[in-house]
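Undergrad: There's a structure below that I have some questions on.
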Amino acid sequence: MNKWITYGLLSLVCSLHWWMPVMGQEADLPPGLDTYIEQVLAEFDVPGVGVGIVKDGKVVLAKGYGVKKLGSPDPVDEHTLFSIASNSKAFTATALAMLVEEGKLKWEDRVTEYLPWFALSDDYVTQHLTVRDLLVHHSGLPAYANDMLLFPPANLSRKELLLKLKDVPLEYDFRSVYAYDNILYLAAGEVIEAVSGISWEDFVKERIFDKVGMANSIDRFSTLRQQPNVAYSHARRNGEVKVIEHFFDSNIGDPGNPAGGIAASAVDMAKWLITHLDSGRTPEKGRLFTPKVTEELWKIVRPMPVSKEPEWLKPAQKHFYGYALGFRTYDYRGEQVVGHGGALTGFVSQIAMLPDRRLGVVVLTNQSISGAYWAIIHRILDHYLKAEPFDWIAGYKKDVDRSLARQDSSRRRLKPILPDSTLKRSLPLAAYTGTYQDEFIGRAVITQLGDTALRLDLVKSPQYSGRLSHFHGDLFRLVADNPERDGGAFLTFLLNADKSIREARFVSERSDDGHSLTRLVLRPDKDAILDTVALNARIKQTLDKYPEGRFAYAFMDVATGERVLYNEKEAFHAASTMKTPVMIEAFKQATQGKFALTDSITVYNEFKSIVDRSRYSLSPEDDSEQALYTEVGKKVTWYDLLYRMITESSNLATNIVIDQVGAKNVMKTMKAIGANDIQVLRGVEDDKAYEKGLNNTTTAYDLMLVFEQLAKGSIVNEEACEQMVKILMDQHFRGTIPAKLPDGVKVANKTGSITKIYHDSGIVYLPDGRKYVLVLLSGNLGETESKAALSGVSRLFYDYVAGR
C-alpha cells in the first residue's frame, strides 16, 4: 500500500478516535470556524495555530491549523507544542495556591521567611514584600526589571538573577503602581522549592501536569528543541515573515521557567482551562484544588489602566481591568473574563475564560502578532454569547496595517548615519582590548580581529556578543552574533587624560532609540585572570604573604580536563582528608553486598594500635563531633556513621568504619584509580603509630584523582557517587574552599586539620552547570593563616573559571 495512503488512513482513524468523546458538542461550534481560522492565518501571515475550546467541563474543540514551520508541509495538530510564555505564570500562581491550601505557607507570609537572602534596594520593601506581592506587579520595580538577563538568557542561576535585584532602584512607591515584571516570578519559583522541597519544574510536572493530564507539556524550556512535535518561531523582519532560527537558544533559559518557560499544546491547555473553570477538578475527575483557591486566584489585587479601544474594535472595550494571581480579570460584553497572554519572540498566546458560562478558549500561535489570536477568541466568544456579528478580522487587520504603516513611515524618514572619516581612533586597535567589568552583567572581554576590528564577548550574556566594527573616532558598531540581537548599538570608549581607557559605554544609533545595553558601563578590570600564567602569578602573590608556609594545590576542570598543579606530588599528613577515601571504600563494599547502608552497627569506642595491637579509646573532647559517644553500646546505621564522619568529621565514626572495612582495602581501592600515594594506614588518635611516624598521608594530585572520579560518577557507580557527593555537600566546615565564593556556587568538600596542618578538597559546582575539582594543602601554619591563604587561592581559581 502507498505509504501516503497508509498515513492518511491512520490519521483518519486517530482523528475519529479523538473526536468520538465530543461529537455531541460539534453543533456548539461557531459555524464555519475552520474557514474563519484559515482566513485569520492568511490575513495576519501566521503560519500555524493551535485552538482549544471548552464548555461545561468538556473539550469542544482541540485542533491545529496551518503549519509548524514556513517552508515545511508538516501540519500543526492538537498535540503540537507552542511556547506559552507568560501563560506559565498561572501555573506558578496555582502551585503557590496549592501549597497555601495545604497549610505550608500563607499568602501574606514575607518572602524573606523562605528566601532569607532575598533583597530589593529598599529595606522596607524587602522586609514587607509578601508571597502574594510576588505575583501582582506592584513591588515598585521598574517595568520589565532586569529582563535583559532573562531574554535572552544569561549564564546565571535563578538565585544569581534574583540577587541582582538589590542594585535596582525602585521606580514607584510600594503597592501603588502596576508595572509588569518577570523577575519576581522567579522568586515565586524559589519559594515553591523552599517550601515543597522540590524544584519548580518538578512540582509543576508532578503536581500539576500529571494530575491534569497534560501529557505532552514541558516544564523546562531547554527541552523544547528535543520534542518531536514542535511549532517553530516566526516574526516579521524587513516586511517579511521569517523563521527565527535562533529561538531555542536566545529566548529564555531554564532559570526563567516560572515566568515563561512552559510549552504546551491545544489539547493540554484545554484540560488546564477545564480544571480552572471546574474549580480545581481535573478532566479525569481528580482534584487539584478546591473552589476557594479559584476565588483567590481570580480576585483582582492590582487594578490596571483601561485603554480606550478604537472605533473599529469598539466591542472589545473594557470597563474594568486588573491583575489577579497569575491571571488578568476584565469584562467583555458584560461578562467577566479571566485570562492572560504570553509572548516570546515569534510566539504569542492567549487564554480567555468566562466563569459564568463555563466557557474557555485558548489560542496558541507561532507568529508575533496578537491581532490573530484576538480575532479568533472574540469570534468564538461572540458565538456563545449570541452577540451581534462583528468583523474582528477587519478590525484587527486595520490595527496591524496602521502599525506597520507607522513603522514604514518612520524608517523612510530616517536618514542613514554615516561614519565621519575625519574622526580617527585615539589609540592603536590593540589598546582597546582587554578585560572589562560591569556591575550588572559581569565580565566582558575585548579581543582583536585582524587589523580592522575587535570582538566583544560578554561572558554571562553571550547572546549579546559579537564583532565590533570601527565606525569613527573611538566609536565601534556592535554586530551581534545572533542577528535577533542586532539593534543598532555602538560601543564608545572614554579616555583619561593620559589616554588610558576609563570606561566603555553602549549608545543607541539614535538618541530616541532605547537599547537594553545602554545601562552597561564597562570598566577595565586589571585584576582579571585570563590564563594559567596570570593565575599562577596571582596565587604566588597570595601565598608569598606566608613565607613560612608549605603549600600544594591541584585543580581540574571536569569537562575539559585542564589541570593546574603546584607541588602536587609532595606528601602531606592527610589529617581528615583521608575520610573521603574511607567513605568510598564503605560505599564500594555496600554495593558488593557485604552490608547495606541501612544496616545497623553497634557503636563502640575501643580500637587496636597498628603497632602492637594494644587497645586505645577516643576522647570526645578531642573530637569535632561528640554526640556519637552517647550512642556507645547502641545501634546506628552505616549511613549515619558515614554521614557523621564526613559532615562533622567524627573521629569515632571514622575509626569504626576503618575497623570494619579495613585500611588495606581503602588503599587497594585508591591504587585502582591511580591514587598510589594516598596512605590510609590506621584510624585516628593511634598515638603509638604517630610516635613511630606511621601516619596517613596524601598528595594534592591523588586527592584530585579521587574527587575527579566522584565528579564524573565513575567510582563504585553513578548512584553511589551521587549519594557521596550529597553527603559532602552537607559539610559543616566551610571555612576554606567555599568561604569566599559567591552565593549560588555549591561545594562538595572535605577538610582536614591537625596541628600546623590544614587542608581542603572537593568539587565546586558553578550555577551554569560547570564544575571543577580543587585540592588545597598547607603545612607549618596556624588555622587562621591557613584559612586566609587557602580561601584566597580558592577565590582565584573560581575567578579564573567563571571568567571564561
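By convention in this document, the chains of the C-alpha cells carry letters A, B, ... by their order, each chain's residues are numbered from 1, and ligands are numbered from 1 in the order they are shown.
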Hey, what's within 10 Å of Glu240 of chain A if we count only C-alpha atoms and toss same-chain stuff fewer than 5 positions away? As JSON, numbers by chain, please?
TA: {"A": [45, 234, 235]}
Undergrad: Just list as an MDAnalysis selection string whatever in segment 469-619 of chain A DSSP marks as alpha helix (DSSP H).
TA: chainID A and resid 532:543 579:591
Undergrad: Can you list, as a list of chain:residue names, every protein, DNA or RNA residue that comes within 10 Å of Phe174 of chain A when you count only C-alpha atoms, leaving out same-chain residues fewer than 2 positions away?
TA: A:Asp122, A:Tyr124, A:Val125, A:His128, A:Leu129, A:Asp133, A:His138, A:Ser139, A:Gly140, A:Leu141, A:Leu170, A:Glu171, A:Tyr172, A:Ser176, A:Val177
Undergrad: Take the residues from that selection and put them in a file with all heavy atoms, as a short mmCIF file (atom, residue, chain, number, x, y, z; two decimals), in the first residue's frame.
TA:
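Wrote part-v4.cif, looks like this:
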```cif
data_model
loop_
_atom_site.label_atom_id
_atom_site.label_comp_id
_atom_site.auth_asym_id
_atom_site.auth_seq_id
_atom_site.Cartn_x
_atom_site.Cartn_y
_atom_site.Cartn_z
N ASP A 122 15.29 48.64 48.54
CA ASP A 122 14.66 49.34 49.66
C ASP A 122 14.43 48.33 50.79
O ASP A 122 13.72 47.34 50.61
CB ASP A 122 13.33 49.94 49.20
CG ASP A 122 12.67 50.79 50.28
OD1 ASP A 122 12.28 50.21 51.32
OD2 ASP A 122 12.53 52.00 50.08
N TYR A 124 12.70 48.51 53.52
CA TYR A 124 11.31 48.39 53.97
C TYR A 124 10.55 47.43 53.06
O TYR A 124 9.82 46.54 53.53
CB TYR A 124 10.63 49.75 53.97
CG TYR A 124 9.15 49.66 54.36
CD1 TYR A 124 8.76 49.67 55.70
CD2 TYR A 124 8.17 49.52 53.38
CE1 TYR A 124 7.42 49.56 56.05
CE2 TYR A 124 6.83 49.40 53.72
CZ TYR A 124 6.46 49.42 55.06
OH TYR A 124 5.14 49.29 55.40
N VAL A 125 10.71 47.61 51.74
CA VAL A 125 10.01 46.74 50.80
C VAL A 125 10.50 45.31 50.93
O VAL A 125 9.71 44.36 50.91
CB VAL A 125 10.18 47.25 49.35
CG1 VAL A 125 9.45 46.34 48.37
CG2 VAL A 125 9.64 48.68 49.22
N HIS A 128 8.80 43.69 53.85
CA HIS A 128 7.33 43.63 53.83
C HIS A 128 6.77 42.99 52.57
O HIS A 128 5.55 42.79 52.49
CB HIS A 128 6.75 45.04 54.00
CG HIS A 128 6.94 45.60 55.39
ND1 HIS A 128 8.12 46.20 55.77
CD2 HIS A 128 6.13 45.61 56.46
CE1 HIS A 128 8.02 46.58 57.04
NE2 HIS A 128 6.83 46.24 57.48
N LEU A 129 7.61 42.65 51.62
CA LEU A 129 7.14 42.00 50.40
C LEU A 129 6.62 40.61 50.75
O LEU A 129 7.32 39.79 51.34
CB LEU A 129 8.28 41.90 49.39
CG LEU A 129 7.87 41.52 47.97
CD1 LEU A 129 7.31 42.72 47.23
CD2 LEU A 129 9.07 40.95 47.19
N ASP A 133 2.56 39.45 46.90
CA ASP A 133 3.15 40.57 46.16
C ASP A 133 4.02 40.11 44.99
O ASP A 133 4.18 40.85 44.01
CB ASP A 133 4.01 41.44 47.10
CG ASP A 133 3.19 42.22 48.11
OD1 ASP A 133 2.08 42.66 47.77
OD2 ASP A 133 3.68 42.38 49.25
N HIS A 138 3.40 44.99 41.57
CA HIS A 138 3.32 46.31 42.21
C HIS A 138 4.40 46.48 43.28
O HIS A 138 4.21 47.22 44.25
CB HIS A 138 1.92 46.57 42.77
CG HIS A 138 1.52 45.67 43.90
ND1 HIS A 138 0.22 45.60 44.38
CD2 HIS A 138 2.22 44.79 44.69
CE1 HIS A 138 0.16 44.75 45.39
NE2 HIS A 138 1.36 44.25 45.59
N SER A 139 5.53 45.84 43.10
CA SER A 139 6.62 45.91 44.08
C SER A 139 7.29 47.27 44.11
O SER A 139 7.94 47.63 45.09
CB SER A 139 7.67 44.85 43.76
OG SER A 139 8.28 45.14 42.51
N GLY A 140 7.15 48.05 43.03
CA GLY A 140 7.89 49.30 42.89
C GLY A 140 9.04 49.18 41.92
O GLY A 140 9.65 50.19 41.53
N LEU A 141 9.37 47.95 41.50
CA LEU A 141 10.41 47.77 40.49
C LEU A 141 9.98 48.41 39.17
O LEU A 141 8.78 48.44 38.85
CB LEU A 141 10.68 46.29 40.26
CG LEU A 141 11.47 45.53 41.32
CD1 LEU A 141 11.39 44.03 41.06
CD2 LEU A 141 12.93 45.99 41.34
N LEU A 170 14.11 51.24 43.03
CA LEU A 170 12.66 51.17 42.82
C LEU A 170 12.19 52.44 42.13
O LEU A 170 12.62 53.54 42.46
CB LEU A 170 11.95 50.98 44.16
CG LEU A 170 12.30 49.71 44.95
CD1 LEU A 170 11.37 49.55 46.15
CD2 LEU A 170 12.22 48.47 44.07
N GLU A 171 11.29 52.27 41.19
CA GLU A 171 10.82 53.42 40.41
C GLU A 171 9.51 53.98 40.95
O GLU A 171 9.18 55.14 40.71
CB GLU A 171 10.64 52.98 38.95
CG GLU A 171 10.44 54.12 37.99
CD GLU A 171 10.59 53.67 36.54
OE1 GLU A 171 11.59 52.98 36.24
OE2 GLU A 171 9.71 53.99 35.73
N TYR A 172 8.77 53.15 41.71
CA TYR A 172 7.46 53.56 42.20
C TYR A 172 7.35 53.26 43.69
O TYR A 172 8.12 52.47 44.24
CB TYR A 172 6.34 52.82 41.45
CG TYR A 172 6.48 52.84 39.96
CD1 TYR A 172 6.94 51.71 39.27
CD2 TYR A 172 6.16 53.98 39.23
CE1 TYR A 172 7.08 51.72 37.89
CE2 TYR A 172 6.29 53.99 37.84
CZ TYR A 172 6.75 52.85 37.18
OH TYR A 172 6.89 52.87 35.82
N SER A 176 1.72 50.59 44.73
CA SER A 176 1.00 51.77 44.26
C SER A 176 0.76 51.78 42.76
O SER A 176 -0.25 52.32 42.29
CB SER A 176 1.76 53.05 44.63
OG SER A 176 2.99 53.13 43.93
N VAL A 177 1.65 51.16 41.97
CA VAL A 177 1.58 51.27 40.51
C VAL A 177 1.77 49.89 39.90
O VAL A 177 2.63 49.11 40.33
CB VAL A 177 2.67 52.24 39.98
CG1 VAL A 177 2.72 52.21 38.45
CG2 VAL A 177 2.41 53.65 40.48
#
```
Undergrad: Using only C-alpha atoms, which residues sit within 8 Å of Lys746 of chain A once same-chain residues fewer than 5 positions away are excluded, as an mmCIF file with N, CA, C and O atoms, in the first residue's frame?
TA:
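Ended up saving to part38.cif:
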```
data_model
loop_
_atom_site.group_PDB
_atom_site.id
_atom_site.type_symbol
_atom_site.label_atom_id
_atom_site.label_comp_id
_atom_site.auth_asym_id
_atom_site.auth_seq_id
_atom_site.Cartn_x
_atom_site.Cartn_y
_atom_site.Cartn_z
ATOM 1 N N MET A 729 28.232 17.640 50.245
ATOM 2 C CA MET A 729 27.616 18.966 50.145
ATOM 3 C C MET A 729 27.013 19.424 51.471
ATOM 4 O O MET A 729 26.765 20.615 51.663
ATOM 5 N N PRO A 738 34.895 26.974 50.124
ATOM 6 C CA PRO A 738 33.658 27.734 49.858
ATOM 7 C C PRO A 738 33.654 29.151 50.421
ATOM 8 O O PRO A 738 32.773 29.939 50.056
ATOM 9 N N VAL A 764 33.672 21.921 43.058
ATOM 10 C CA VAL A 764 32.971 23.207 43.031
ATOM 11 C C VAL A 764 32.010 23.203 41.838
ATOM 12 O O VAL A 764 32.417 22.921 40.706
ATOM 13 N N TYR A 765 30.741 23.491 42.127
ATOM 14 C CA TYR A 765 29.690 23.467 41.100
ATOM 15 C C TYR A 765 29.241 24.902 40.808
ATOM 16 O O TYR A 765 28.698 25.589 41.679
ATOM 17 N N LEU A 766 29.463 25.361 39.583
ATOM 18 C CA LEU A 766 29.035 26.692 39.184
ATOM 19 C C LEU A 766 27.558 26.682 38.803
ATOM 20 O O LEU A 766 27.039 25.647 38.369
ATOM 21 N N PRO A 767 26.871 27.800 38.939
ATOM 22 C CA PRO A 767 25.436 27.842 38.613
ATOM 23 C C PRO A 767 25.124 27.494 37.162
ATOM 24 O O PRO A 767 24.020 27.050 36.862
#
```
Undergrad: Find the distance between atom CA of His573 of chain A and atom CA of Asn695 of chain A and write it in Å to one decimal.
TA: 6.8 Å
Undergrad: With segment 203-212 of chain A as the partner and 12 Å as the cut-off, tabulate the residues of segment 42-107 of chain A that qualify, each row holding the nearest pair of atoms and their distance in Å to one decimal, using only C-alpha atoms, sorted by chain and rising number, as a tab-separated table.
TA:
```
residue	atom	partner	partner_atom	distance
A:Ser88	CA	A:Val204	CA	10.1
A:Lys89	CA	A:Val204	CA	11.4
A:Ala90	CA	A:Val204	CA	11.0
A:Phe91	CA	A:Val204	CA	7.2
A:Thr92	CA	A:Val204	CA	7.9
A:Ala93	CA	A:Val204	CA	10.7
A:Thr94	CA	A:Ile208	CA	8.7
A:Ala95	CA	A:Val204	CA	7.1
A:Leu96	CA	A:Phe203	CA	10.2
A:Ala97	CA	A:Ile208	CA	11.8
A:Met98	CA	A:Arg207	CA	9.2
A:Leu99	CA	A:Phe203	CA	10.6
```
Undergrad: Store the residues of this selection in a file with C-alpha atoms, as a compact mmCIF listing (two decimals), in the first residue's frame.
TA:
```txt
# COMPACT_ATOMS: atom_id res chain seq x y z
CA SER A 88 3.28 29.98 32.53
CA LYS A 89 2.69 32.48 35.33
CA ALA A 90 -0.72 30.97 36.10
CA PHE A 91 0.98 27.63 36.75
CA THR A 92 3.37 29.28 39.22
CA ALA A 93 0.48 31.03 40.98
CA THR A 94 -1.53 27.80 41.08
CA ALA A 95 1.43 25.92 42.58
CA LEU A 96 1.67 28.50 45.36
CA ALA A 97 -2.10 28.35 45.91
CA MET A 98 -1.90 24.58 46.33
CA LEU A 99 0.82 24.98 48.97
```
Undergrad: Could you list, as a short mmCIF file (atom, residue, chain, number, x, y, z; two decimals) with all heavy atoms, in the first residue's frame, every residue within 12 Å of Gly57 of chain A, counting only C-alpha atoms and ignoring same-chain residues fewer than 4 positions away?
TA:
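Output saved as around_1.cif:
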```
data_model
loop_
_atom_site.label_atom_id
_atom_site.label_comp_id
_atom_site.auth_asym_id
_atom_site.auth_seq_id
_atom_site.Cartn_x
_atom_site.Cartn_y
_atom_site.Cartn_z
N VAL A 22 -16.46 13.80 21.89
CA VAL A 22 -17.02 15.14 21.88
C VAL A 22 -17.87 15.40 20.64
O VAL A 22 -18.20 16.54 20.35
CB VAL A 22 -15.89 16.20 21.97
CG1 VAL A 22 -15.22 16.11 23.32
CG2 VAL A 22 -14.87 16.02 20.85
N GLN A 25 -20.81 17.63 20.80
CA GLN A 25 -20.62 19.06 21.01
C GLN A 25 -20.42 19.82 19.70
O GLN A 25 -20.33 21.04 19.70
CB GLN A 25 -19.38 19.28 21.91
CG GLN A 25 -19.49 18.67 23.31
CD GLN A 25 -20.53 19.35 24.15
OE1 GLN A 25 -20.76 20.55 24.00
NE2 GLN A 25 -21.17 18.61 25.02
N ILE A 53 -11.26 24.90 22.68
CA ILE A 53 -12.49 25.45 23.25
C ILE A 53 -13.03 24.43 24.25
O ILE A 53 -13.12 23.24 23.94
CB ILE A 53 -13.57 25.71 22.17
CG1 ILE A 53 -13.02 26.62 21.07
CG2 ILE A 53 -14.82 26.33 22.80
CD1 ILE A 53 -13.97 26.78 19.89
N ALA A 270 -6.44 22.96 26.86
CA ALA A 270 -7.89 22.80 27.05
C ALA A 270 -8.16 22.11 28.39
O ALA A 270 -9.07 22.50 29.14
CB ALA A 270 -8.48 22.01 25.90
N LYS A 271 -7.38 21.11 28.72
CA LYS A 271 -7.53 20.42 30.00
C LYS A 271 -7.23 21.36 31.17
O LYS A 271 -7.87 21.30 32.22
CB LYS A 271 -6.61 19.20 30.06
CG LYS A 271 -6.98 18.11 29.07
CD LYS A 271 -5.95 16.97 29.10
CE LYS A 271 -6.27 15.90 28.08
NZ LYS A 271 -5.26 14.80 28.09
N TRP A 272 -6.25 22.22 30.99
CA TRP A 272 -5.90 23.21 32.01
C TRP A 272 -7.07 24.17 32.25
O TRP A 272 -7.42 24.48 33.40
CB TRP A 272 -4.66 23.96 31.55
CG TRP A 272 -4.19 25.13 32.34
CD1 TRP A 272 -4.09 26.42 31.91
CD2 TRP A 272 -3.69 25.14 33.69
NE1 TRP A 272 -3.58 27.23 32.90
CE2 TRP A 272 -3.32 26.47 34.00
CE3 TRP A 272 -3.55 24.16 34.66
CZ2 TRP A 272 -2.80 26.82 35.25
CZ3 TRP A 272 -3.03 24.51 35.90
CH2 TRP A 272 -2.67 25.82 36.18
N LEU A 273 -7.72 24.61 31.17
CA LEU A 273 -8.87 25.52 31.31
C LEU A 273 -10.03 24.82 32.00
O LEU A 273 -10.71 25.42 32.86
CB LEU A 273 -9.31 26.03 29.94
CG LEU A 273 -8.30 26.88 29.15
CD1 LEU A 273 -8.96 27.43 27.89
CD2 LEU A 273 -7.73 28.01 29.99
N ILE A 274 -10.28 23.56 31.65
CA ILE A 274 -11.36 22.81 32.30
C ILE A 274 -11.11 22.75 33.80
O ILE A 274 -12.03 22.95 34.62
CB ILE A 274 -11.46 21.38 31.72
CG1 ILE A 274 -12.09 21.42 30.33
CG2 ILE A 274 -12.28 20.47 32.64
CD1 ILE A 274 -12.09 20.08 29.61
N THR A 275 -9.87 22.49 34.20
CA THR A 275 -9.53 22.37 35.62
C THR A 275 -9.83 23.66 36.36
O THR A 275 -10.39 23.64 37.47
CB THR A 275 -8.05 21.98 35.78
OG1 THR A 275 -7.83 20.73 35.11
CG2 THR A 275 -7.67 21.85 37.24
N HIS A 276 -9.48 24.78 35.77
CA HIS A 276 -9.75 26.06 36.44
C HIS A 276 -11.22 26.43 36.41
O HIS A 276 -11.77 26.94 37.41
CB HIS A 276 -8.88 27.17 35.84
CG HIS A 276 -7.53 27.25 36.49
ND1 HIS A 276 -7.30 27.91 37.67
CD2 HIS A 276 -6.35 26.70 36.13
CE1 HIS A 276 -6.04 27.78 38.02
NE2 HIS A 276 -5.43 27.05 37.11
N LEU A 277 -11.88 26.18 35.31
CA LEU A 277 -13.31 26.51 35.23
C LEU A 277 -14.15 25.62 36.13
O LEU A 277 -15.25 25.98 36.53
CB LEU A 277 -13.79 26.40 33.78
CG LEU A 277 -13.35 27.54 32.86
CD1 LEU A 277 -13.54 27.15 31.40
CD2 LEU A 277 -14.12 28.82 33.17
N ASP A 278 -13.62 24.43 36.43
CA ASP A 278 -14.34 23.50 37.29
C ASP A 278 -13.78 23.53 38.71
O ASP A 278 -13.85 22.55 39.45
CB ASP A 278 -14.25 22.08 36.73
CG ASP A 278 -15.49 21.25 37.05
OD1 ASP A 278 -16.41 21.79 37.69
OD2 ASP A 278 -15.53 20.07 36.68
N SER A 279 -13.23 24.69 39.10
CA SER A 279 -12.77 24.94 40.48
C SER A 279 -11.80 23.87 40.99
O SER A 279 -11.89 23.41 42.11
CB SER A 279 -13.97 25.05 41.43
OG SER A 279 -14.80 26.11 41.05
N GLY A 280 -10.88 23.50 40.11
CA GLY A 280 -9.82 22.60 40.54
C GLY A 280 -10.06 21.14 40.23
O GLY A 280 -9.18 20.31 40.46
N ARG A 281 -11.23 20.79 39.71
CA ARG A 281 -11.49 19.40 39.37
C ARG A 281 -10.97 19.12 37.96
O ARG A 281 -11.31 19.83 37.02
CB ARG A 281 -12.98 19.08 39.45
CG ARG A 281 -13.29 17.58 39.36
CD ARG A 281 -14.67 17.26 39.85
NE ARG A 281 -15.69 18.05 39.16
CZ ARG A 281 -16.99 18.01 39.46
NH1 ARG A 281 -17.40 17.23 40.46
NH2 ARG A 281 -17.86 18.73 38.79
N THR A 282 -10.14 18.12 37.82
CA THR A 282 -9.49 17.83 36.55
C THR A 282 -10.43 17.09 35.61
O THR A 282 -11.47 16.56 36.04
CB THR A 282 -8.23 16.98 36.78
OG1 THR A 282 -8.62 15.67 37.19
CG2 THR A 282 -7.32 17.59 37.83
N PRO A 283 -10.08 17.03 34.31
CA PRO A 283 -10.94 16.31 33.37
C PRO A 283 -11.14 14.84 33.75
O PRO A 283 -12.16 14.25 33.41
CB PRO A 283 -10.18 16.43 32.04
CG PRO A 283 -9.39 17.70 32.18
CD PRO A 283 -9.00 17.76 33.62
N GLU A 284 -10.16 14.26 34.46
CA GLU A 284 -10.29 12.86 34.91
C GLU A 284 -11.04 12.77 36.23
O GLU A 284 -11.05 11.72 36.88
CB GLU A 284 -8.91 12.23 35.05
CG GLU A 284 -8.25 11.87 33.72
CD GLU A 284 -7.69 13.09 33.01
OE1 GLU A 284 -7.40 14.10 33.69
OE2 GLU A 284 -7.56 13.07 31.77
N LYS A 285 -11.63 13.88 36.67
CA LYS A 285 -12.43 13.97 37.90
C LYS A 285 -11.58 13.85 39.17
O LYS A 285 -12.11 13.57 40.25
CB LYS A 285 -13.55 12.91 37.92
CG LYS A 285 -14.44 12.93 36.69
CD LYS A 285 -14.99 14.33 36.40
CE LYS A 285 -15.82 14.35 35.12
NZ LYS A 285 -16.21 15.74 34.74
N PRO A 355 -16.18 32.47 33.46
CA PRO A 355 -16.62 31.56 34.53
C PRO A 355 -18.12 31.33 34.56
O PRO A 355 -18.57 30.20 34.77
CB PRO A 355 -16.13 32.27 35.80
CG PRO A 355 -14.99 33.12 35.35
CD PRO A 355 -15.36 33.58 33.98
N ARG A 357 -20.20 31.25 32.25
CA ARG A 357 -20.64 30.43 31.11
C ARG A 357 -19.94 29.06 31.08
O ARG A 357 -20.22 28.26 30.19
CB ARG A 357 -20.35 31.16 29.80
CG ARG A 357 -20.98 32.53 29.69
CD ARG A 357 -22.38 32.45 29.19
NE ARG A 357 -23.01 33.77 29.09
CZ ARG A 357 -24.06 34.03 28.35
NH1 ARG A 357 -24.62 33.08 27.64
NH2 ARG A 357 -24.57 35.25 28.32
N ARG A 358 -19.00 28.85 32.00
CA ARG A 358 -18.17 27.63 31.99
C ARG A 358 -17.57 27.43 30.60
O ARG A 358 -17.52 26.33 30.06
CB ARG A 358 -18.95 26.40 32.44
CG ARG A 358 -19.48 26.50 33.86
CD ARG A 358 -20.09 25.19 34.30
NE ARG A 358 -19.08 24.15 34.45
CZ ARG A 358 -19.35 22.83 34.44
NH1 ARG A 358 -20.58 22.42 34.25
NH2 ARG A 358 -18.37 21.95 34.61
N LEU A 359 -17.07 28.54 30.07
CA LEU A 359 -16.55 28.58 28.71
C LEU A 359 -15.09 29.03 28.75
O LEU A 359 -14.74 29.97 29.48
CB LEU A 359 -17.37 29.56 27.87
CG LEU A 359 -16.82 29.94 26.49
CD1 LEU A 359 -16.85 28.74 25.55
CD2 LEU A 359 -17.64 31.12 25.91
N GLY A 360 -14.25 28.37 27.99
CA GLY A 360 -12.86 28.76 27.91
C GLY A 360 -12.32 28.60 26.51
O GLY A 360 -12.71 27.68 25.78
#
```
Undergrad: Select from segment 324-426 of chain A every residue with an atom at most 12 Å from any atom of segment 67-78 of chain A, then for each give the shortest pair of atoms and their distance in Å to one decimal, using only C-alpha atoms, rows by chain and rising number, as JSON lines.
TA:
```
{"residue": "A:Gly346", "atom": "CA", "partner": "A:Lys69", "partner_atom": "CA", "distance": 11.3}
{"residue": "A:Phe347", "atom": "CA", "partner": "A:Lys68", "partner_atom": "CA", "distance": 11.6}
{"residue": "A:Val362", "atom": "CA", "partner": "A:Glu78", "partner_atom": "CA", "distance": 11.7}
{"residue": "A:Val363", "atom": "CA", "partner": "A:Glu78", "partner_atom": "CA", "distance": 11.3}
{"residue": "A:Leu364", "atom": "CA", "partner": "A:Glu78", "partner_atom": "CA", "distance": 10.5}
{"residue": "A:Thr365", "atom": "CA", "partner": "A:Lys68", "partner_atom": "CA", "distance": 9.6}
{"residue": "A:Asn366", "atom": "CA", "partner": "A:Lys68", "partner_atom": "CA", "distance": 7.6}
{"residue": "A:Gln367", "atom": "CA", "partner": "A:Lys69", "partner_atom": "CA", "distance": 10.3}
```
Undergrad: Rounded to one decimal in Å, what is the spacing between atom CA of Tyr384 of chain A and atom CA of Val361 of chain A?
TA: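 Interatomic distance, atom CA of Tyr384 of chain A to atom CA of Val361 of chain A: 11.1 Å.
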